[in-house]
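Next comes protein36.cif, with mmCIF, C-alpha atoms and all ligand atoms.
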```cif
data_structure
#
loop_
_atom_site.label_atom_id
_atom_site.label_comp_id
_atom_site.auth_asym_id
_atom_site.auth_seq_id
_atom_site.Cartn_x
_atom_site.Cartn_y
_atom_site.Cartn_z
CA MET A 957 -64.01 7.00 -44.71
CA THR A 958 -61.78 9.56 -46.32
CA SER A 959 -59.27 8.83 -49.00
CA GLN A 960 -56.48 9.82 -46.62
CA SER A 961 -57.42 7.33 -43.91
CA ASP A 962 -56.65 4.31 -46.05
CA GLY A 963 -53.67 5.78 -47.86
CA GLY A 964 -51.11 4.47 -45.43
CA ASP A 965 -51.94 0.78 -45.41
CA ARG A 966 -51.98 0.01 -49.09
CA ALA A 967 -49.14 -1.03 -51.34
CA VAL A 968 -47.61 1.65 -53.53
CA MET A 969 -48.15 0.88 -57.23
CA VAL A 970 -46.42 3.92 -58.74
CA ASP A 971 -43.54 5.80 -57.13
CA VAL A 972 -42.15 8.76 -59.07
CA ARG A 973 -39.30 10.76 -57.56
CA ASP A 974 -37.77 13.96 -58.79
CA VAL A 975 -38.26 13.06 -62.44
CA THR A 976 -36.98 15.42 -65.11
CA ARG A 977 -37.28 15.18 -68.89
CA THR A 978 -36.05 17.73 -71.39
CA TYR A 979 -36.56 17.42 -75.12
CA GLY A 980 -33.76 18.67 -77.36
CA SER A 981 -30.79 20.73 -76.22
CA GLY A 982 -29.32 24.22 -76.39
CA PRO A 983 -31.62 27.16 -77.02
CA ALA A 984 -34.31 24.85 -78.45
CA ALA A 985 -34.49 22.69 -75.29
CA ALA A 986 -37.99 22.15 -73.89
CA ALA A 987 -38.19 21.09 -70.24
CA ALA A 988 -41.33 18.94 -70.21
CA LEU A 989 -40.89 17.62 -66.64
CA ARG A 990 -39.04 19.68 -64.03
CA GLY A 991 -38.79 17.52 -60.92
CA VAL A 992 -42.00 15.55 -60.52
CA THR A 993 -42.62 13.53 -57.36
CA PHE A 994 -45.73 11.56 -56.35
CA ALA A 995 -46.92 8.09 -55.39
CA ILE A 996 -50.09 6.16 -56.20
CA GLY A 997 -51.48 3.48 -53.91
CA ALA A 998 -52.65 0.19 -55.43
CA GLY A 999 -56.26 0.24 -56.62
CA ARG A 1000 -56.58 4.01 -56.84
CA LEU A 1001 -57.87 6.03 -59.77
CA VAL A 1002 -55.83 9.20 -60.10
CA ALA A 1003 -56.65 12.02 -62.51
CA LEU A 1004 -53.70 13.90 -63.98
CA ARG A 1005 -54.97 17.34 -64.85
CA GLY A 1006 -53.21 20.10 -66.72
CA ARG A 1007 -53.44 22.16 -69.87
CA SER A 1008 -52.07 21.15 -73.19
CA GLY A 1009 -48.25 21.27 -73.04
CA SER A 1010 -48.06 20.85 -69.25
CA GLY A 1011 -46.27 17.49 -69.56
CA LYS A 1012 -49.06 14.92 -69.10
CA THR A 1013 -48.16 12.70 -72.06
CA THR A 1014 -44.45 12.87 -71.23
CA LEU A 1015 -45.18 11.81 -67.65
CA LEU A 1016 -47.38 8.88 -68.70
CA ASN A 1017 -44.71 7.72 -71.15
CA VAL A 1018 -42.04 7.87 -68.47
CA VAL A 1019 -44.21 5.96 -65.97
CA GLY A 1020 -45.09 3.30 -68.54
CA GLY A 1021 -41.49 2.79 -69.65
CA LEU A 1022 -42.06 4.13 -73.17
CA ASP A 1023 -39.64 6.98 -72.52
CA SER A 1024 -36.69 7.42 -70.13
CA PRO A 1025 -36.35 10.42 -67.85
CA ASP A 1026 -33.12 12.44 -67.74
CA GLY A 1027 -33.12 12.33 -63.95
CA GLY A 1028 -35.02 10.87 -61.03
CA THR A 1029 -36.53 7.43 -60.52
CA VAL A 1030 -39.75 5.64 -61.45
CA GLN A 1031 -40.98 2.47 -59.78
CA VAL A 1032 -44.01 0.50 -60.92
CA ALA A 1033 -45.26 -2.45 -58.88
CA GLY A 1034 -42.00 -2.39 -56.94
CA GLN A 1035 -39.85 -2.58 -60.07
CA ASP A 1036 -37.35 0.12 -60.90
CA VAL A 1037 -38.41 1.17 -64.41
CA THR A 1038 -35.61 3.70 -64.80
CA GLY A 1039 -32.82 1.21 -64.14
CA MET A 1040 -34.28 -1.62 -66.21
CA SER A 1041 -32.75 -3.24 -69.27
CA GLU A 1042 -34.72 -2.69 -72.48
CA ARG A 1043 -35.76 -6.33 -72.42
CA THR A 1044 -37.18 -6.16 -68.89
CA ARG A 1045 -38.88 -2.91 -69.73
CA MET A 1046 -40.57 -4.57 -72.68
CA ARG A 1047 -41.85 -7.27 -70.37
CA LEU A 1048 -43.17 -4.64 -67.97
CA ARG A 1049 -45.04 -3.00 -70.85
CA ARG A 1050 -46.48 -6.33 -71.88
CA GLU A 1051 -47.39 -7.79 -68.50
CA THR A 1052 -47.87 -5.03 -65.99
CA VAL A 1053 -48.93 -1.86 -67.77
CA ALA A 1054 -51.76 -1.17 -70.23
CA TYR A 1055 -52.46 1.98 -72.24
CA ILE A 1056 -55.59 3.69 -73.48
CA PHE A 1057 -55.14 6.46 -76.05
CA GLN A 1058 -57.26 9.36 -77.21
CA SER A 1059 -57.36 7.85 -80.70
CA PHE A 1060 -58.49 4.38 -79.47
CA GLY A 1061 -55.65 2.59 -81.29
CA LEU A 1062 -57.70 -0.39 -82.45
CA LEU A 1063 -56.71 -2.54 -85.41
CA PRO A 1064 -59.24 -1.71 -88.15
CA VAL A 1065 -59.31 -5.12 -89.84
CA LEU A 1066 -60.05 -7.01 -86.64
CA SER A 1067 -63.46 -7.37 -84.99
CA ALA A 1068 -64.11 -5.97 -81.52
CA ALA A 1069 -63.57 -9.44 -80.01
CA GLU A 1070 -60.36 -10.00 -81.97
CA ASN A 1071 -59.01 -6.62 -80.88
CA VAL A 1072 -59.69 -7.44 -77.22
CA GLY A 1073 -58.03 -10.82 -77.72
CA VAL A 1074 -54.74 -9.42 -79.06
CA PRO A 1075 -52.96 -8.96 -75.70
CA LEU A 1076 -54.17 -12.40 -74.62
CA ARG A 1077 -52.73 -13.98 -77.75
CA ILE A 1078 -49.43 -12.21 -77.10
CA ALA A 1079 -49.50 -13.53 -73.53
CA GLY A 1080 -50.07 -17.06 -74.88
CA VAL A 1081 -53.46 -17.58 -73.23
CA ALA A 1082 -55.21 -20.74 -74.50
CA ALA A 1083 -58.07 -20.28 -76.98
CA ARG A 1084 -60.91 -21.26 -74.69
CA GLU A 1085 -59.82 -19.13 -71.77
CA ARG A 1086 -59.17 -16.29 -74.19
CA GLU A 1087 -62.70 -16.48 -75.59
CA GLU A 1088 -64.19 -16.46 -72.12
CA ARG A 1089 -62.14 -13.50 -71.00
CA VAL A 1090 -62.90 -11.56 -74.21
CA ALA A 1091 -66.64 -12.21 -73.83
CA LEU A 1092 -66.56 -11.12 -70.19
CA MET A 1093 -64.60 -7.94 -70.93
CA LEU A 1094 -66.90 -6.97 -73.79
CA SER A 1095 -69.97 -7.55 -71.65
CA ILE A 1096 -68.47 -5.50 -68.80
CA VAL A 1097 -68.04 -2.54 -71.16
CA GLY A 1098 -71.58 -3.02 -72.49
CA LEU A 1099 -70.65 -4.37 -75.92
CA GLY A 1100 -71.79 -7.96 -75.58
CA ASP A 1101 -73.92 -7.53 -78.72
CA HIS A 1102 -71.19 -5.98 -80.86
CA THR A 1103 -68.41 -8.52 -80.62
CA ARG A 1104 -68.13 -9.15 -84.37
CA GLN A 1105 -68.20 -5.56 -85.55
CA ARG A 1106 -65.05 -3.88 -86.75
CA PRO A 1107 -63.94 -0.51 -85.34
CA GLY A 1108 -65.24 1.30 -88.46
CA GLU A 1109 -68.71 -0.05 -87.73
CA LEU A 1110 -68.71 1.28 -84.17
CA SER A 1111 -69.20 4.80 -82.77
CA GLY A 1112 -66.30 6.64 -81.13
CA GLY A 1113 -67.63 5.85 -77.67
CA GLN A 1114 -68.02 2.18 -78.56
CA GLN A 1115 -64.49 2.08 -79.96
CA GLN A 1116 -63.14 3.50 -76.74
CA ARG A 1117 -65.10 0.84 -74.83
CA VAL A 1118 -63.38 -1.82 -76.93
CA ALA A 1119 -60.03 -0.18 -76.14
CA ILE A 1120 -60.83 -0.28 -72.41
CA ALA A 1121 -61.79 -3.96 -72.67
CA ARG A 1122 -58.57 -4.70 -74.55
CA ALA A 1123 -56.42 -2.77 -72.07
CA LEU A 1124 -57.81 -4.74 -69.14
CA ALA A 1125 -58.11 -8.13 -70.82
CA SER A 1126 -54.73 -9.41 -69.70
CA ARG A 1127 -55.18 -8.15 -66.13
CA PRO A 1128 -52.55 -5.41 -66.00
CA LYS A 1129 -51.69 -3.90 -62.65
CA LEU A 1130 -51.47 -0.36 -63.95
CA LEU A 1131 -53.67 1.36 -66.51
CA LEU A 1132 -52.37 4.56 -68.13
CA ALA A 1133 -54.92 6.56 -70.11
CA ASP A 1134 -53.95 9.63 -72.14
CA GLU A 1135 -56.97 11.90 -72.62
CA PRO A 1136 -59.27 8.95 -73.29
CA THR A 1137 -62.29 11.19 -73.91
CA GLY A 1138 -60.47 13.81 -75.99
CA GLN A 1139 -62.15 12.74 -79.25
CA LEU A 1140 -65.61 12.14 -77.82
CA ASP A 1141 -68.56 14.45 -77.31
CA GLN A 1142 -69.24 15.53 -73.74
CA GLU A 1143 -72.00 13.06 -72.94
CA THR A 1144 -70.13 10.08 -74.40
CA GLY A 1145 -67.01 11.25 -72.60
CA LYS A 1146 -68.89 11.24 -69.34
CA GLN A 1147 -70.07 7.69 -69.91
CA ILE A 1148 -66.55 6.56 -70.72
CA MET A 1149 -65.19 8.16 -67.54
CA ARG A 1150 -67.88 6.45 -65.48
CA LEU A 1151 -67.10 3.17 -67.15
CA LEU A 1152 -63.40 3.63 -66.44
CA ARG A 1153 -64.21 4.34 -62.82
CA ALA A 1154 -66.31 1.18 -62.66
CA VAL A 1155 -63.81 -1.18 -64.27
CA VAL A 1156 -60.91 0.17 -62.25
CA ARG A 1157 -62.82 -1.00 -59.19
CA SER A 1158 -64.17 -4.25 -60.52
CA GLU A 1159 -60.81 -5.32 -61.98
CA GLY A 1160 -58.80 -4.05 -59.03
CA VAL A 1161 -56.44 -2.16 -61.32
CA THR A 1162 -54.60 1.09 -60.51
CA ALA A 1163 -55.15 3.91 -63.00
CA LEU A 1164 -53.51 7.19 -63.92
CA VAL A 1165 -55.69 9.14 -66.33
CA ALA A 1166 -54.52 12.33 -68.04
CA THR A 1167 -57.48 14.55 -68.83
CA HIS A 1168 -58.85 18.08 -68.91
CA ASP A 1169 -62.29 16.61 -68.41
CA PRO A 1170 -63.93 17.99 -65.25
CA VAL A 1171 -66.12 14.87 -64.99
CA LEU A 1172 -63.19 12.74 -63.95
CA ILE A 1173 -62.42 15.04 -61.06
CA ASP A 1174 -65.65 13.89 -59.45
CA LEU A 1175 -64.86 10.26 -60.11
CA ALA A 1176 -61.19 10.17 -59.12
CA ASP A 1177 -59.78 9.15 -55.75
CA GLU A 1178 -57.13 11.79 -56.18
CA VAL A 1179 -56.29 14.61 -58.56
CA LEU A 1180 -52.75 15.64 -59.50
CA GLN A 1181 -52.41 19.06 -61.06
CA LEU A 1182 -49.53 19.44 -63.51
CA GLN A 1183 -48.41 22.87 -64.60
CA ASP A 1184 -45.34 23.60 -66.73
CA GLY A 1185 -43.78 20.27 -65.86
CA LYS A 1186 -44.38 20.46 -62.11
CA ILE A 1187 -47.02 19.05 -59.81
CA THR A 1188 -48.64 22.11 -58.29
CA ALA A 1189 -51.42 20.43 -56.33
CA SER A 1190 -52.51 17.02 -55.14
CA LEU A 1191 -56.13 16.92 -54.06
CA ALA A 1192 -58.35 14.21 -52.65
CA GLY A 1193 -61.05 13.37 -55.20
CA ARG A 1194 -64.70 13.55 -54.31
CA HIS A 1195 -65.40 9.99 -55.28
CA GLU A 1196 -65.20 8.07 -52.02
CA ALA A 1197 -68.15 9.82 -50.42
CA GLN A 1198 -70.43 8.92 -53.30
CA LEU A 1199 -70.28 5.15 -53.29
CA PRO A 1200 -73.79 3.66 -53.25
CA ALA A 1201 -74.78 1.17 -50.55
CA VAL A 1202 -75.67 -1.59 -53.00
CA CYS A 1203 -74.77 -2.04 -56.60
CA GLN A 1204 -74.77 -4.58 -59.37
CA ALA A 1205 -71.83 -5.46 -61.57
CA GLY A 1206 -72.46 -7.84 -64.44
CA GLN A 1207 -74.32 -10.67 -62.78
CA ALA A 1208 -73.15 -10.07 -59.25
CA ILE A 1209 -74.71 -7.88 -56.60
CA TYR A 1210 -72.44 -6.17 -54.11
CA ALA A 1211 -73.09 -4.29 -50.90
CA ARG A 1212 -70.81 -1.70 -49.41
CA VAL A 1213 -69.02 -2.89 -46.35
CA ASP A 1214 -68.89 -0.18 -43.73
CA ARG A 1215 -67.27 -0.63 -40.39
CA SER A 1216 -70.63 -0.32 -38.61
CA THR A 1217 -73.13 -1.82 -41.04
CA SER A 1218 -72.06 -4.70 -43.21
CA THR A 1219 -74.89 -4.95 -45.75
CA GLY A 1220 -77.45 -2.75 -47.48
CA LYS A 1221 -81.05 -3.52 -48.25
CA GLY A 1222 -82.61 -3.93 -51.68
CA THR A 1223 -80.75 -3.67 -54.94
CA VAL A 1224 -80.05 -0.92 -57.39
CA ALA A 1225 -79.61 -2.22 -60.91
CA LEU A 1226 -77.20 -0.05 -62.84
CA THR A 1227 -76.64 -0.14 -66.54
CA SER A 1228 -72.91 -0.45 -66.21
CA PRO A 1229 -70.92 -2.34 -63.59
CA VAL A 1230 -69.77 -0.16 -60.73
CA TYR A 1231 -67.66 -0.07 -57.64
CA THR A 1232 -66.87 -3.64 -56.91
CA SER A 1233 -63.64 -3.33 -55.04
CA PRO A 1234 -63.53 -6.36 -52.76
CA SER A 1235 -62.15 -4.22 -49.97
CA ARG A 1236 -65.23 -1.98 -49.94
CA TYR A 1237 -67.92 -4.32 -51.18
CA ARG A 1238 -69.10 -7.74 -50.26
CA LEU A 1239 -70.66 -10.09 -52.77
CA LEU A 1240 -74.33 -10.55 -51.83
CA ALA A 1241 -75.55 -12.83 -54.59
CA GLU A 1242 -75.02 -13.89 -58.16
CA SER A 1243 -78.18 -12.94 -60.01
CA SER A 1244 -79.57 -15.36 -62.61
CA ARG A 1245 -80.06 -12.89 -65.33
P1 LIG B 1301 -49.37 17.45 -72.62
O1 LIG B 1301 -49.57 15.99 -72.85
O2 LIG B 1301 -49.77 17.91 -71.25
O3 LIG B 1301 -50.01 18.27 -73.69
P2 LIG B 1301 -46.62 16.96 -73.42
O4 LIG B 1301 -46.02 16.01 -72.46
O5 LIG B 1301 -47.06 16.42 -74.73
O6 LIG B 1301 -47.80 17.77 -72.70
O7 LIG B 1301 -45.58 18.12 -73.71
C1 LIG B 1301 -44.89 18.83 -72.71
C2 LIG B 1301 -43.90 19.79 -73.33
O8 LIG B 1301 -42.88 19.08 -74.01
C3 LIG B 1301 -44.52 20.72 -74.36
O9 LIG B 1301 -43.91 21.97 -74.25
C4 LIG B 1301 -44.20 20.07 -75.68
O10 LIG B 1301 -44.11 21.02 -76.70
C5 LIG B 1301 -42.86 19.44 -75.39
N1 LIG B 1301 -42.67 18.20 -76.17
C6 LIG B 1301 -43.45 17.08 -76.09
N2 LIG B 1301 -42.99 16.11 -76.91
C7 LIG B 1301 -41.91 16.63 -77.54
C8 LIG B 1301 -40.98 16.12 -78.50
N3 LIG B 1301 -41.08 14.87 -78.98
N4 LIG B 1301 -40.00 16.95 -78.90
C9 LIG B 1301 -39.88 18.19 -78.42
N5 LIG B 1301 -40.70 18.74 -77.50
C10 LIG B 1301 -41.71 17.97 -77.05
MG MG B 1302 -50.78 15.00 -74.20
#
```
Rewrite the structure from the file as structure tokens, please.
Ligand code: ADP
Ligand code: MG
Amino acid sequence: MTSQSDGGDRAVMVDVRDVTRTYGSGPAAAAALRGVTFAIGAGRLVALRGRSGSGKTTLLNVVGGLDSPDGGTVQVAGQDVTGMSERTRMRLRRETVAYIFQSFGLLPVLSAAENVGVPLRIAGVAAREREERVALMLSIVGLGDHTRQRPGELSGGQQQRVAIARALASRPKLLLADEPTGQLDQETGKQIMRLLRAVVRSEGVTALVATHDPVLIDLADEVLQLQDGKITASLAGRHEAQLPAVCQAGQAIYARVDRSTSTGKGTVALTSPVYTSPSRYRLLAESSR
């Protein structure tokens, strides 16, 4: 199965058309986006690649409704972000979109669990359900034993794991990540990218991840190349071909569903949850770990 073959039958999560954004005016004007057009299908992980200054952050901000373009249109989950009132846009940012930043953005006085619980509190989720969701998210990112630690007591990689858990806690449809491994060493960065790949599948979220990190190129469904405010290439990622036949996510074991063969044999226990998109994988069993 190639990434192109299933591109036509899925819902579009992000639709960006002819978007322009210029900072300042007159001789000092800086054209950060010069007519950007692309679409992202629901459930895909798309890497946004480009050097520093190419417009990645500006584009993420425009897609997430943090900034308004000067021209063009942006739709997220079928809603017209560009034409929205400020109030509706705020709701979109709260309910539909989640962000992950290079600098983690955790609240230092709160524990890992409390940080993950913040968006759930804002959404008015009841205490018990909130606790369950927080515990699940922290275990998915491999921090089940660190729930009470504060950000200052965690490594950079662990802090970014908390940020990923927090971003996905309230089940956003779209995850925007701005150089999420920019402050991490290479090996930790690789682990974070793999984790992102895994949770994007298991949570069924759509993700747009700005990065220079070559690791993500291998993990992405698609790669958009941004250069001087323009998309200069859109490539299929290499990820789809690499899905394992059987994998384990948390306590569940999944098998890849191919058109010809519907289950795999044996199990491969992986340290982090991977690839559990219901469309590609079938639940085999809940393990009693
Ligand atoms: P990237 O995230 O790829 O590094 P940015 O979106 O931050 O790129 O920046 C794109 C261009 O817009 C750069 O030339 C940058 O200098 C300019 N720019 C970004 N933010 C501002 C701002 N607030 N004011 C003026 N120019 C800006
Ligand atoms: Mg940037």
### Task
Find the residues near ligand LIG 1301 (chain B). Use a cut-off of 7 Å, count all atoms listed in the file, and write them as a PyMOL selection string.
chain A and resi 979-980+986-988+1006-1015
### Residue neighbourhood A:Gln1181, 7 Å, only C-alpha atoms, exclusion window fewer than 4 positions, as a ChimeraX atom specification
/A:1004-1006,1187-1190
### Query
With all atoms listed in the file as the basis for distance, which of A:Leu1016, A:Val970, A:Val1081, A:Met1046 is at the shortest distance from ligand MG 1302 (chain B)?
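So, comparing all the options, the nearest one is A:Leu1016.
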#### Entry: Computed interatomic separation between atom CA of A:Gly1185 and atom CA of A:Arg977 (Å)
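Between atom CA of A:Gly1185 and atom CA of A:Arg977 the gap is 8.8 Å.
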### Message
Give me, as a ChimeraX atom specification, all polymer residues having an atom no more than 8 Å from A:Val968, counting all atoms listed in the file and skipping those fewer than 3 positions away in the same chain.
### Response
/A:971,995-998,1033-1034
### Message
Using only C-alpha atoms and all ligand atoms, can you tell me which of A:Pro1064, A:Ser1059, A:Val1072, A:Ser981 comes closest to ligand MG 1302 (chain B)?
### Response
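Among the listed residues, the smallest separation from ligand MG 1302 (chain B) belongs to A:Ser1059.
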### Query
Any idea what's packed within 9 Å of A:Gln1105, counting all atoms listed in the file, ignoring anything in its chain fewer than 5 positions away? Could you give it as a list in words?
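The filter keeps Leu1066, Ser1067, Ala1068, Ala1069 and Leu1110 of chain A.
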### Selected residue of minimal separation from ligand MG 1302 (chain B) among A:Leu1099, A:Ala985, A:Leu1175, A:Leu1182, counting only C-alpha atoms and all ligand atoms
A:Leu1182
### Task
Using all atoms listed in the file, determine which residues lie at most 12 Å from A:Gln1142, disregarding the query and same-chain residues fewer than 3 positions distant; provide the list as an MDAnalysis selection string.
chainID A and resid 1112:1113 1136:1139 1145:1149 1168:1172
### Message
I'd like the interatomic distance between atom CA of A:Thr978 and atom CA of A:Asn1017, to a tenth of an Å.
### Response
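Separation of atom CA of A:Thr978 and atom CA of A:Asn1017: 13.2 Å.
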### Task
Quick one: pull the distance between atom CA of A:Leu1094 and atom CA of A:Val1019, Å, one decimal.
27.3 Å
### Message
Ranking A:Ala1082, A:Arg1077, A:Pro1128, A:Arg973 by minimum distance to A:Arg1047 and counting only C-alpha atoms, which one comes first?
### Response
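Among the listed residues, the smallest separation from A:Arg1047 belongs to A:Pro1128.
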### Query
Which residue gives the smallest distance to ligand MG 1302 (chain B) among A:Val1179, A:Ile1096, A:Ala1133, A:Leu1140, with only C-alpha atoms and all ligand atoms counted?
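Ranking A:Val1179, A:Ile1096, A:Ala1133, A:Leu1140 by distance to ligand MG 1302 (chain B), first place goes to A:Ala1133.
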### Top pick for closest residue to ligand MG 1302 (chain B), considering A:Phe1057, A:Asp1023, A:Val1097, A:Arg1089 and counting all atoms listed in the file
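Among A:Phe1057, A:Asp1023, A:Val1097, A:Arg1089, it is A:Phe1057 that comes nearest to ligand MG 1302 (chain B).
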Axis-aligned box for stretch 1010-1015 of chain A, 5 Å per side, centre and edges in Å as JSON:
```
{"center_x": -46.8, "center_y": 16.3, "center_z": -69.9, "size_x": 14.6, "size_y": 19.0, "size_z": 14.4}
```
